[in-house]
Amino acid sequence: MRKVEAEFLKDLNPAQREAVETIYGPLLVIAGAGSGKTRTLVCRLAYLVERGIPSEKILLLTFTRRAAREMIDRASSLLQRDVNKITGGTFHSLCNLMLRQYGSLIGYNSNFTLLDRGDSEDLLNLLKTSLGLSDRKKRFPKKDTLATIYSKSINQLRSVEEIVSSEYPQFLEYLPEIQRLFAEYVAYKREHQLMDYDDLLLNWLKILKEFPYVRKDVGARFQFIMVDEYQDTNTLQGEIIKYMAEDHQNVMVVGDDSQSIYGFRGANYRNIFEFPKLFPNTKIIKLEQNYRSTQPILDLANVIIANSKIKYTKTLFTLKKEGEKPVFLRPKDEAEASIFIADKILELREKGLKLSQMAVLFRSAFHSYELEIELTKRGIPFVKYGGLKLLESAHVKDVISFLKIILNPKDFLAWNRILLLMEGIGPRTAEKIINLLKEEPLSFSFPRILSLSASRKLKSFLDLYMQFRPYSERPSEILSRIWEYYEPLFQRIYYEDYNRRVKDIEGLFSLAERFETLDEFLSELLLEPIEITDYEKEDIDEAPLILSTIHSAKGLEWHTVFIISLIEGRFPSFHSLENEEELEEERRLFYVAVTRAREKLYLISPLMVYLPGEGKVFAKPSRFIKEIPPSLYREISINGKKSFISSFQEKSKEDTTYGSSPFKVGDLVRHPHFGEGEVLEVSGDKIKVNFVNKGPTLLHLKYTNLERL
DNA sequence: CCGTACAATGTTTTT
DNA sequence: CATTGTACGG
């Protein structure tokens with residue numbers, strides 16, 4: 001026993017070792033990118049077990065379930081013993097688990113239904129209609145705006161009023177209606193056993209706060225708590241930890257303030273500094289040695305973060321002094337960039353590098369569209385992380401709705417979706433049917449509200465539905481019977497692209513095979529959404545290339561990394577340009593992207609990009625590139641066509657980013673919301689206007705309807 | 001009140 | 001570009 005312990009501890013540096021061996025009391029580890037954070041966590045898991053802590057007393061919270069699974073597996077192999085009784089997962093999955101058990105304390109059954117983002121939006125829309133808010137002459141916020149406002153208010157602990165007035169002033173006049181709608185939303189969820197993502201955190205926290213005995217219970221159940229990626233947790237999650245560790249204080253959190261990239265979800269890099277306030281006597285350990293990247297890559301990364309307005313806590317160093325400089329290039333457009341990347345990837349593969357050791361990273365999922373086309377054309381297998389999830393597609397949601405009503409007959413949101421699939425039943429009729437279902441669950445006597453054919457259709461569905469109650473079959477069996485019913489409807493509705501969509505259904509089927517019970521299957525699907533390309537990797541005999549949003553690439557590393565679409569407006573995204581906090585988050589995002597690379601790094605800024613509606617336009621390289629001293633990278637041109645490229649460079653002047661501005665300083669303009677004003681400044685696609693009623697305001701020409709007077 | 005055909009609209013990041 | 005809203009005929 002001693003021997004094994006010595007063996008895995010001796011690979012650690014002193015700081016890591018201290019983090020592993022400090023097992024009692026609150027501990028904060030500030031761990032830079034590539035500083036062996038995961039190794040430290042894995043060793044600590046193993047060490048705890050080695051010290052005789054029963055593995056079921058350990059709780060490990062990470063940003064994906066996959067990450068938790070991997071760490072637990074690695075700890076197992078370190079110990080050569082199974083430690084899979086460790087509870088591992090995300091905050092949301094933990095809350096889900098706890099609420100299934102303790103939810104009754106606040107009026108929830110153990111079979112409550114989870115709403116994903118789309119479900120929440122649908123519900124908000126439903127309520128919006130029934131409150132008569134949809135047919136106003138003036139525009140009421142749309143469902144996704146409503147969902148965003150609501151979720152922000154929960155996760156950032158800000159009032160709806162505050163959010164609307166600071167970020168959506170155009171809807172301020174509707175504030176009372178919006179608040180009423182949200183009240184209805186909350187009541188509806190409660191009444192129908194529904195919880196959205198935010199409710200998972202909110203309700204579990206509520207129980208912890210209100211029931212001291214629950215805190216005792218869970219404290220005894222999870223005596224050692226570890227939290228990864230703490231910089232991306234929000235106040236709510238911090239509070240949850242505070243209560244869960246109240247009794248024993250054995251809680252270790254690991255994070256890196258310079259890698260905080262989930263501000264939009266209520267996370268704040270400052271949270272990490274709040275931790276010692278939640279837990280007095282916190283011990284702090286810093287990990288600053290980087291084991292991942294070469295010095296040239298790290299030099300670039302350090303400059304990016306040093307240019308930040310915010311002072312971060314550490315500077316990374318490495319012993320891997322040798323290495324190639326990162327490469328910067330400006331292809332003429334995305335097509336040329338894609339060809340370059342595909343060529344380079346094949347070239348590296350020739351040299352023996354596996355496809356799975358290379359990754360292409362980008363700010364937003366759609367930035368890789370052109371590349372995907374090129375890769376497909378060349379037959380280079382890839383998986384894409386980020387972007388559309390399997391269960392976000394309409395046809396999959398249809399199928400899921402069937403499962404939902406089997407599990408929770410009160411899920412009228414799912415009922416609604418199913419009813420609308422039937423020919424002859426529209427929103428009004430569906431509403432009527434649901435009202436009947438509410439009063440007298442599953443009565444078959446539908447008065448004359450339906451046409452004969454519609455009522456037959458409904459009847460045949462209800463007959464089928466009754467066969468599933470009580471449900472006992474395995475999810476895959478239930479699914480195949482649902483498919484029998486649904487397939488004809490599916491054919492009618494999605495006639496256009498039947499083949500494409502049916503593949504998703506097949507994916508869903510093969511996924512279902514892995515589950516024993518329906519609620520497991522559904523929870524899993526919502527808490528760890530499946531990527532749409534993930535199940536498609538059929539009979540590929542080679543581990544595929546990775547395409548990923550930077551957000552989804554968190555915590556991962558590759559030999560070679562390509563970062564594409566490094567142009568103003570895309571990265572940094574134009575959503576963040578007006579807000580310094582958000583711009584800083586974009587910078588951290590770039591930092592995260594760069595530090596994923598071990599040996600080779602390619603930074604790519606196309607000279608022209610295609611914008612919907614505007615065609616091909618010139619693009620400025622990202623400001624994050626411009627501020628890096630050219631000595632830190634090597635700029636190359638494609639096929640020696642330097643002259644061609646620089647001729648474009650000449651034309652690409654400061655203000656030509658997204659087409660030039662039709663306004664000049666001094667112009668008098670009118671804005672639909674803000675009224676009249678005078679143009680103060682024009683730069684690129686941004687314009688500063690001094691409005692009579694509002695004062696100086698920065699606007700985006702691309703999204704503003706300004707009228708010259 | 002349903003279904004369809006057409007226009008508008010506004011595009012991050014995720015549990 | 002694909003989703004979401006609107007207009008209209010059945």
# chains A, B, ... in the order shown; residues from 1 in each chain; ligands from 1
call {"tool": "interface_residues", "arguments": {"of": "chain C", "to": "chain A", "cutoff": "12 Å", "atoms": "only C-alpha atoms (C1' of nucleotides)", "output": "PyMOL selection string"}}
result
chain C and resi 1-6
call {"tool": "closest_atom_pairs", "arguments": {"of": "chain A", "to": "chain B", "cutoff": "7 Å", "atoms": "only C-alpha atoms (C1' of nucleotides)", "output": "tab-separated table"}}
result
residue	atom	partner	partner_atom	distance
A:His92	CA	B:DT15	C1'	6.4
A:Tyr197	CA	B:DT15	C1'	6.4
A:Ser364	CA	B:DT12	C1'	5.8
A:Gly424	CA	B:DC2	C1'	6.3
A:Gly426	CA	B:DC2	C1'	6.1
A:Leu527	CA	B:DT15	C1'	6.4
A:His551	CA	B:DT13	C1'	6.3
call {"tool": "write_last_selection", "arguments": {"atoms": "N, CA and C atoms", "output": "short mmCIF file (atom, residue, chain, number, x, y, z; two decimals), in the first residue's frame"}}
result
data_model
loop_
_atom_site.label_atom_id
_atom_site.label_comp_id
_atom_site.auth_asym_id
_atom_site.auth_seq_id
_atom_site.Cartn_x
_atom_site.Cartn_y
_atom_site.Cartn_z
N HIS A 92 -25.22 20.61 -12.35
CA HIS A 92 -26.60 20.36 -12.72
C HIS A 92 -26.98 18.90 -12.50
N TYR A 197 -33.08 24.37 -16.37
CA TYR A 197 -31.70 24.23 -15.87
C TYR A 197 -31.47 25.08 -14.62
N SER A 364 -17.34 30.56 -32.73
CA SER A 364 -18.74 30.19 -32.86
C SER A 364 -18.88 28.99 -33.80
N GLY A 424 -55.09 18.32 -38.49
CA GLY A 424 -56.38 18.83 -38.08
C GLY A 424 -56.38 19.38 -36.66
N GLY A 426 -54.62 22.17 -34.33
CA GLY A 426 -53.74 23.34 -34.27
C GLY A 426 -53.64 23.83 -32.85
N LEU A 527 -28.89 16.52 -19.53
CA LEU A 527 -27.80 17.03 -18.70
C LEU A 527 -26.45 16.93 -19.38
N HIS A 551 -15.25 27.03 -26.24
CA HIS A 551 -15.93 26.68 -24.99
C HIS A 551 -15.93 25.18 -24.75
#
call {"tool": "closest_residue", "arguments": {"among": "A:Glu423, A:Glu473, A:Asp232, A:Glu322", "to": "Leu452 (chain A)", "atoms": "only C-alpha atoms"}}
result
A:Glu423
call {"tool": "residues_around", "arguments": {"residues": "Ile405 (chain A)", "least_positions_apart": "3", "cutoff": "12 Å", "atoms": "only C-alpha atoms (C1' of nucleotides)", "output": "PyMOL selection string"}}
result
chain A and resi 111-114+192-194+398-402+408-419+442+462+465-466+468-471+482+518-519+522
call {"tool": "write_last_selection", "arguments": {"atoms": "N, CA, C and O atoms", "output": "tab-separated table (two decimals), in the first residue's frame"}}
result
chain	number	residue	atom	x	y	z
A	111	ASN	N	-40.37	12.24	-10.19
A	111	ASN	CA	-40.37	12.10	-11.65
A	111	ASN	C	-40.59	13.42	-12.38
A	111	ASN	O	-41.14	13.46	-13.47
A	112	PHE	N	-40.17	14.52	-11.75
A	112	PHE	CA	-40.33	15.81	-12.43
A	112	PHE	C	-39.59	15.79	-13.78
A	112	PHE	O	-38.64	15.04	-13.97
A	113	THR	N	-40.05	16.63	-14.69
A	113	THR	CA	-39.47	16.66	-16.03
A	113	THR	C	-38.50	17.84	-16.16
A	113	THR	O	-38.78	18.92	-15.67
A	114	LEU	N	-37.40	17.57	-16.84
A	114	LEU	CA	-36.44	18.64	-17.10
A	114	LEU	C	-36.78	19.37	-18.39
A	114	LEU	O	-37.11	18.75	-19.39
A	192	HIS	N	-46.81	21.90	-12.78
A	192	HIS	CA	-46.76	20.76	-13.68
A	192	HIS	C	-45.50	19.92	-13.55
A	192	HIS	O	-45.16	19.16	-14.46
A	193	GLN	N	-44.82	20.07	-12.44
A	193	GLN	CA	-43.65	19.23	-12.19
A	193	GLN	C	-42.57	19.40	-13.27
A	193	GLN	O	-42.05	18.43	-13.79
A	194	LEU	N	-42.28	20.65	-13.56
A	194	LEU	CA	-41.25	20.93	-14.55
A	194	LEU	C	-40.12	21.74	-13.92
A	194	LEU	O	-40.37	22.57	-13.05
A	398	ASP	N	-39.67	15.88	-31.06
A	398	ASP	CA	-40.96	15.20	-31.17
A	398	ASP	C	-40.92	13.87	-30.43
A	398	ASP	O	-41.76	13.57	-29.59
A	399	VAL	N	-39.91	13.07	-30.79
A	399	VAL	CA	-39.81	11.74	-30.20
A	399	VAL	C	-39.65	11.83	-28.68
A	399	VAL	O	-40.30	11.09	-27.93
A	400	ILE	N	-38.81	12.76	-28.25
A	400	ILE	CA	-38.57	12.92	-26.81
A	400	ILE	C	-39.86	13.28	-26.08
A	400	ILE	O	-40.10	12.85	-24.96
A	401	SER	N	-40.70	14.06	-26.75
A	401	SER	CA	-41.95	14.45	-26.12
A	401	SER	C	-42.82	13.24	-25.77
A	401	SER	O	-43.47	13.22	-24.74
A	402	PHE	N	-42.81	12.25	-26.65
A	402	PHE	CA	-43.55	11.02	-26.34
A	402	PHE	C	-43.03	10.39	-25.06
A	402	PHE	O	-43.80	9.97	-24.19
A	408	ASN	N	-44.07	11.59	-17.26
A	408	ASN	CA	-44.78	12.61	-16.48
A	408	ASN	C	-46.02	13.06	-17.25
A	408	ASN	O	-45.96	13.94	-18.08
A	409	PRO	N	-47.18	12.44	-16.95
A	409	PRO	CA	-48.41	12.74	-17.69
A	409	PRO	C	-48.82	14.20	-17.57
A	409	PRO	O	-49.64	14.67	-18.35
A	410	LYS	N	-48.26	14.90	-16.60
A	410	LYS	CA	-48.61	16.30	-16.44
A	410	LYS	C	-47.77	17.23	-17.30
A	410	LYS	O	-47.89	18.44	-17.22
A	411	ASP	N	-46.88	16.67	-18.06
A	411	ASP	CA	-46.02	17.50	-18.90
A	411	ASP	C	-46.81	17.96	-20.13
A	411	ASP	O	-46.69	17.40	-21.22
A	412	PHE	N	-47.62	18.98	-19.91
A	412	PHE	CA	-48.51	19.42	-20.99
A	412	PHE	C	-47.78	20.13	-22.11
A	412	PHE	O	-48.30	20.31	-23.20
A	413	LEU	N	-46.58	20.54	-21.81
A	413	LEU	CA	-45.75	21.13	-22.85
A	413	LEU	C	-45.44	20.07	-23.91
A	413	LEU	O	-45.53	20.31	-25.12
A	414	ALA	N	-45.11	18.89	-23.43
A	414	ALA	CA	-44.85	17.78	-24.35
A	414	ALA	C	-46.15	17.35	-25.04
A	414	ALA	O	-46.17	17.08	-26.24
A	415	TRP	N	-47.22	17.31	-24.28
A	415	TRP	CA	-48.53	17.00	-24.87
A	415	TRP	C	-48.83	17.94	-26.02
A	415	TRP	O	-49.25	17.54	-27.09
A	416	ASN	N	-48.61	19.19	-25.78
A	416	ASN	CA	-48.89	20.20	-26.79
A	416	ASN	C	-48.14	19.90	-28.08
A	416	ASN	O	-48.70	19.92	-29.17
A	417	ARG	N	-46.86	19.61	-27.93
A	417	ARG	CA	-46.04	19.32	-29.09
A	417	ARG	C	-46.58	18.12	-29.87
A	417	ARG	O	-46.67	18.14	-31.10
A	418	ILE	N	-46.98	17.09	-29.13
A	418	ILE	CA	-47.47	15.87	-29.77
A	418	ILE	C	-48.81	16.13	-30.48
A	418	ILE	O	-49.01	15.72	-31.62
A	419	LEU	N	-49.68	16.84	-29.79
A	419	LEU	CA	-51.00	17.10	-30.38
A	419	LEU	C	-50.87	17.89	-31.69
A	419	LEU	O	-51.58	17.62	-32.66
A	442	LEU	N	-56.74	11.71	-18.65
A	442	LEU	CA	-56.89	10.62	-19.59
A	442	LEU	C	-58.31	10.12	-19.79
A	442	LEU	O	-58.56	8.95	-19.96
A	462	LEU	N	-54.24	7.85	-28.09
A	462	LEU	CA	-54.47	7.62	-26.66
A	462	LEU	C	-54.52	6.12	-26.34
A	462	LEU	O	-54.07	5.69	-25.29
A	465	TYR	N	-51.04	5.20	-26.09
A	465	TYR	CA	-50.47	5.81	-24.89
A	465	TYR	C	-50.81	5.00	-23.64
A	465	TYR	O	-49.97	4.76	-22.79
A	466	MET	N	-52.06	4.53	-23.56
A	466	MET	CA	-52.49	3.78	-22.39
A	466	MET	C	-51.68	2.50	-22.19
A	466	MET	O	-51.49	2.05	-21.07
A	468	PHE	N	-48.68	2.16	-22.40
A	468	PHE	CA	-47.39	2.42	-21.75
A	468	PHE	C	-47.54	2.72	-20.26
A	468	PHE	O	-46.56	2.95	-19.57
A	469	ARG	N	-48.76	2.78	-19.80
A	469	ARG	CA	-48.93	3.13	-18.39
A	469	ARG	C	-49.51	1.95	-17.63
A	469	ARG	O	-50.59	1.48	-18.00
A	470	PRO	N	-48.89	1.46	-16.57
A	470	PRO	CA	-47.59	1.94	-16.11
A	470	PRO	C	-46.48	1.42	-17.02
A	470	PRO	O	-46.57	0.32	-17.52
A	471	TYR	N	-45.46	2.22	-17.19
A	471	TYR	CA	-44.40	1.82	-18.10
A	471	TYR	C	-43.40	0.92	-17.39
A	471	TYR	O	-43.10	1.10	-16.24
A	482	ILE	N	-43.00	3.68	-30.32
A	482	ILE	CA	-43.36	5.06	-30.63
A	482	ILE	C	-43.08	5.36	-32.10
A	482	ILE	O	-43.87	5.99	-32.79
A	518	LEU	N	-36.31	4.80	-18.37
A	518	LEU	CA	-36.67	5.97	-19.14
A	518	LEU	C	-36.14	7.26	-18.50
A	518	LEU	O	-35.63	8.15	-19.18
A	519	ASP	N	-36.26	7.36	-17.18
A	519	ASP	CA	-35.84	8.62	-16.56
A	519	ASP	C	-34.33	8.81	-16.63
A	519	ASP	O	-33.85	9.92	-16.81
A	522	LEU	N	-33.69	10.05	-20.21
A	522	LEU	CA	-34.07	11.44	-20.43
A	522	LEU	C	-33.17	12.42	-19.69
A	522	LEU	O	-32.73	13.42	-20.26
call {"tool": "select_by_dssp", "arguments": {"residues": "region 421-638 of chain A", "states": "alpha helix (DSSP H)", "output": "PyMOL selection string"}}
result
chain A and resi 421+427-439+452-467+475-493+498-512+518-527+580-594+623-626
call {"tool": "residues_around", "arguments": {"residues": "Tyr269 (chain A)", "least_positions_apart": "3", "cutoff": "6 Å", "atoms": "only C-alpha atoms (C1' of nucleotides)", "output": "ChimeraX atom specification"}}
result
/A:231,257,260
call {"tool": "select_by_dssp", "arguments": {"residues": "region 36-232 of chain A", "states": "strand (DSSP E or B)", "output": "PyMOL selection string"}}
result
chain A and resi 58-61+87-89+113-115+194-196+224-227
call {"tool": "write_last_selection", "arguments": {"atoms": "all heavy atoms", "output": "compact mmCIF listing (two decimals), in the first residue's frame"}}
result
# COMPACT_ATOMS: atom_id res chain seq x y z
N ILE A 58 -16.93 10.52 -1.57
CA ILE A 58 -16.26 11.56 -2.33
C ILE A 58 -17.17 12.10 -3.43
O ILE A 58 -17.83 11.34 -4.14
CB ILE A 58 -14.96 11.03 -2.97
CG1 ILE A 58 -14.04 10.46 -1.88
CG2 ILE A 58 -14.25 12.13 -3.76
CD1 ILE A 58 -12.84 9.72 -2.42
N LEU A 59 -17.18 13.41 -3.57
CA LEU A 59 -17.97 14.06 -4.62
C LEU A 59 -17.02 14.87 -5.50
O LEU A 59 -16.24 15.67 -5.02
CB LEU A 59 -19.01 14.99 -3.99
CG LEU A 59 -19.81 15.87 -4.94
CD1 LEU A 59 -20.68 15.04 -5.87
CD2 LEU A 59 -20.69 16.85 -4.15
N LEU A 60 -17.10 14.64 -6.81
CA LEU A 60 -16.24 15.35 -7.75
C LEU A 60 -17.09 16.10 -8.75
O LEU A 60 -17.83 15.50 -9.53
CB LEU A 60 -15.35 14.33 -8.48
CG LEU A 60 -14.53 14.87 -9.66
CD1 LEU A 60 -13.45 15.83 -9.19
CD2 LEU A 60 -13.91 13.72 -10.45
N LEU A 61 -17.03 17.42 -8.74
CA LEU A 61 -17.82 18.21 -9.67
C LEU A 61 -16.93 18.79 -10.76
O LEU A 61 -15.91 19.42 -10.48
CB LEU A 61 -18.54 19.34 -8.92
CG LEU A 61 -19.57 18.85 -7.91
CD1 LEU A 61 -20.16 20.02 -7.14
CD2 LEU A 61 -20.68 18.08 -8.61
N THR A 87 -19.02 9.84 -6.57
CA THR A 87 -20.06 10.53 -7.32
C THR A 87 -19.40 11.63 -8.14
O THR A 87 -18.75 12.52 -7.58
CB THR A 87 -21.09 11.15 -6.36
OG1 THR A 87 -21.65 10.10 -5.56
CG2 THR A 87 -22.20 11.83 -7.14
N GLY A 88 -19.56 11.57 -9.45
CA GLY A 88 -18.92 12.57 -10.30
C GLY A 88 -19.91 13.12 -11.29
O GLY A 88 -20.78 12.41 -11.77
N GLY A 89 -19.79 14.39 -11.60
CA GLY A 89 -20.68 14.98 -12.60
C GLY A 89 -20.65 16.49 -12.54
O GLY A 89 -19.78 17.08 -11.91
N THR A 113 -40.05 16.63 -14.69
CA THR A 113 -39.47 16.66 -16.03
C THR A 113 -38.50 17.84 -16.16
O THR A 113 -38.78 18.92 -15.67
CB THR A 113 -40.58 16.83 -17.08
OG1 THR A 113 -41.49 15.74 -16.95
CG2 THR A 113 -40.00 16.82 -18.48
N LEU A 114 -37.40 17.57 -16.84
CA LEU A 114 -36.44 18.64 -17.10
C LEU A 114 -36.78 19.37 -18.39
O LEU A 114 -37.11 18.75 -19.39
CB LEU A 114 -35.05 18.04 -17.27
CG LEU A 114 -34.24 17.79 -16.01
CD1 LEU A 114 -32.96 17.06 -16.37
CD2 LEU A 114 -33.93 19.10 -15.33
N LEU A 115 -36.68 20.68 -18.34
CA LEU A 115 -36.88 21.47 -19.55
C LEU A 115 -35.52 21.91 -20.07
O LEU A 115 -34.73 22.45 -19.30
CB LEU A 115 -37.68 22.73 -19.24
CG LEU A 115 -39.05 22.59 -18.60
CD1 LEU A 115 -39.64 23.98 -18.38
CD2 LEU A 115 -39.96 21.78 -19.50
N LEU A 194 -42.28 20.65 -13.56
CA LEU A 194 -41.25 20.93 -14.55
C LEU A 194 -40.12 21.74 -13.92
O LEU A 194 -40.37 22.57 -13.05
CB LEU A 194 -41.83 21.76 -15.72
CG LEU A 194 -43.07 21.20 -16.41
CD1 LEU A 194 -43.68 22.26 -17.33
CD2 LEU A 194 -42.71 19.96 -17.22
N MET A 195 -38.91 21.47 -14.32
CA MET A 195 -37.79 22.30 -13.88
C MET A 195 -36.90 22.62 -15.07
O MET A 195 -36.60 21.74 -15.87
CB MET A 195 -36.93 21.57 -12.84
CG MET A 195 -37.54 21.46 -11.48
SD MET A 195 -36.26 21.11 -10.26
CE MET A 195 -37.24 20.17 -9.08
N ASP A 196 -36.48 23.88 -15.17
CA ASP A 196 -35.49 24.21 -16.19
C ASP A 196 -34.09 24.11 -15.58
O ASP A 196 -33.95 23.80 -14.39
CB ASP A 196 -35.77 25.59 -16.80
CG ASP A 196 -35.74 26.70 -15.77
OD1 ASP A 196 -35.06 26.55 -14.74
OD2 ASP A 196 -36.42 27.73 -15.99
N PHE A 224 -16.01 14.51 1.34
CA PHE A 224 -14.92 15.20 0.65
C PHE A 224 -15.43 15.70 -0.69
O PHE A 224 -15.91 14.92 -1.51
CB PHE A 224 -13.72 14.27 0.47
CG PHE A 224 -13.10 13.90 1.78
CD1 PHE A 224 -13.59 12.82 2.51
CD2 PHE A 224 -12.06 14.65 2.30
CE1 PHE A 224 -13.04 12.50 3.74
CE2 PHE A 224 -11.51 14.33 3.53
CZ PHE A 224 -11.99 13.26 4.26
N ILE A 225 -15.33 16.99 -0.88
CA ILE A 225 -15.88 17.59 -2.11
C ILE A 225 -14.75 18.23 -2.91
O ILE A 225 -13.90 18.94 -2.35
CB ILE A 225 -16.94 18.65 -1.76
CG1 ILE A 225 -18.08 17.99 -0.97
CG2 ILE A 225 -17.47 19.33 -3.02
CD1 ILE A 225 -19.15 18.96 -0.52
N MET A 226 -14.73 17.95 -4.20
CA MET A 226 -13.75 18.56 -5.07
C MET A 226 -14.47 19.21 -6.25
O MET A 226 -15.35 18.60 -6.84
CB MET A 226 -12.76 17.50 -5.59
CG MET A 226 -11.86 16.96 -4.48
SD MET A 226 -11.09 15.39 -4.87
CE MET A 226 -9.91 15.90 -6.09
N VAL A 227 -14.08 20.42 -6.58
CA VAL A 227 -14.72 21.12 -7.69
C VAL A 227 -13.67 21.59 -8.69
O VAL A 227 -12.74 22.31 -8.34
CB VAL A 227 -15.52 22.35 -7.21
CG1 VAL A 227 -16.31 22.95 -8.35
CG2 VAL A 227 -16.43 21.99 -6.05
call {"tool": "atom_distance", "arguments": {"atom1": "CA of Arg598 (chain A)", "atom2": "CA of Gln259 (chain A)"}}
result
17.1 Å
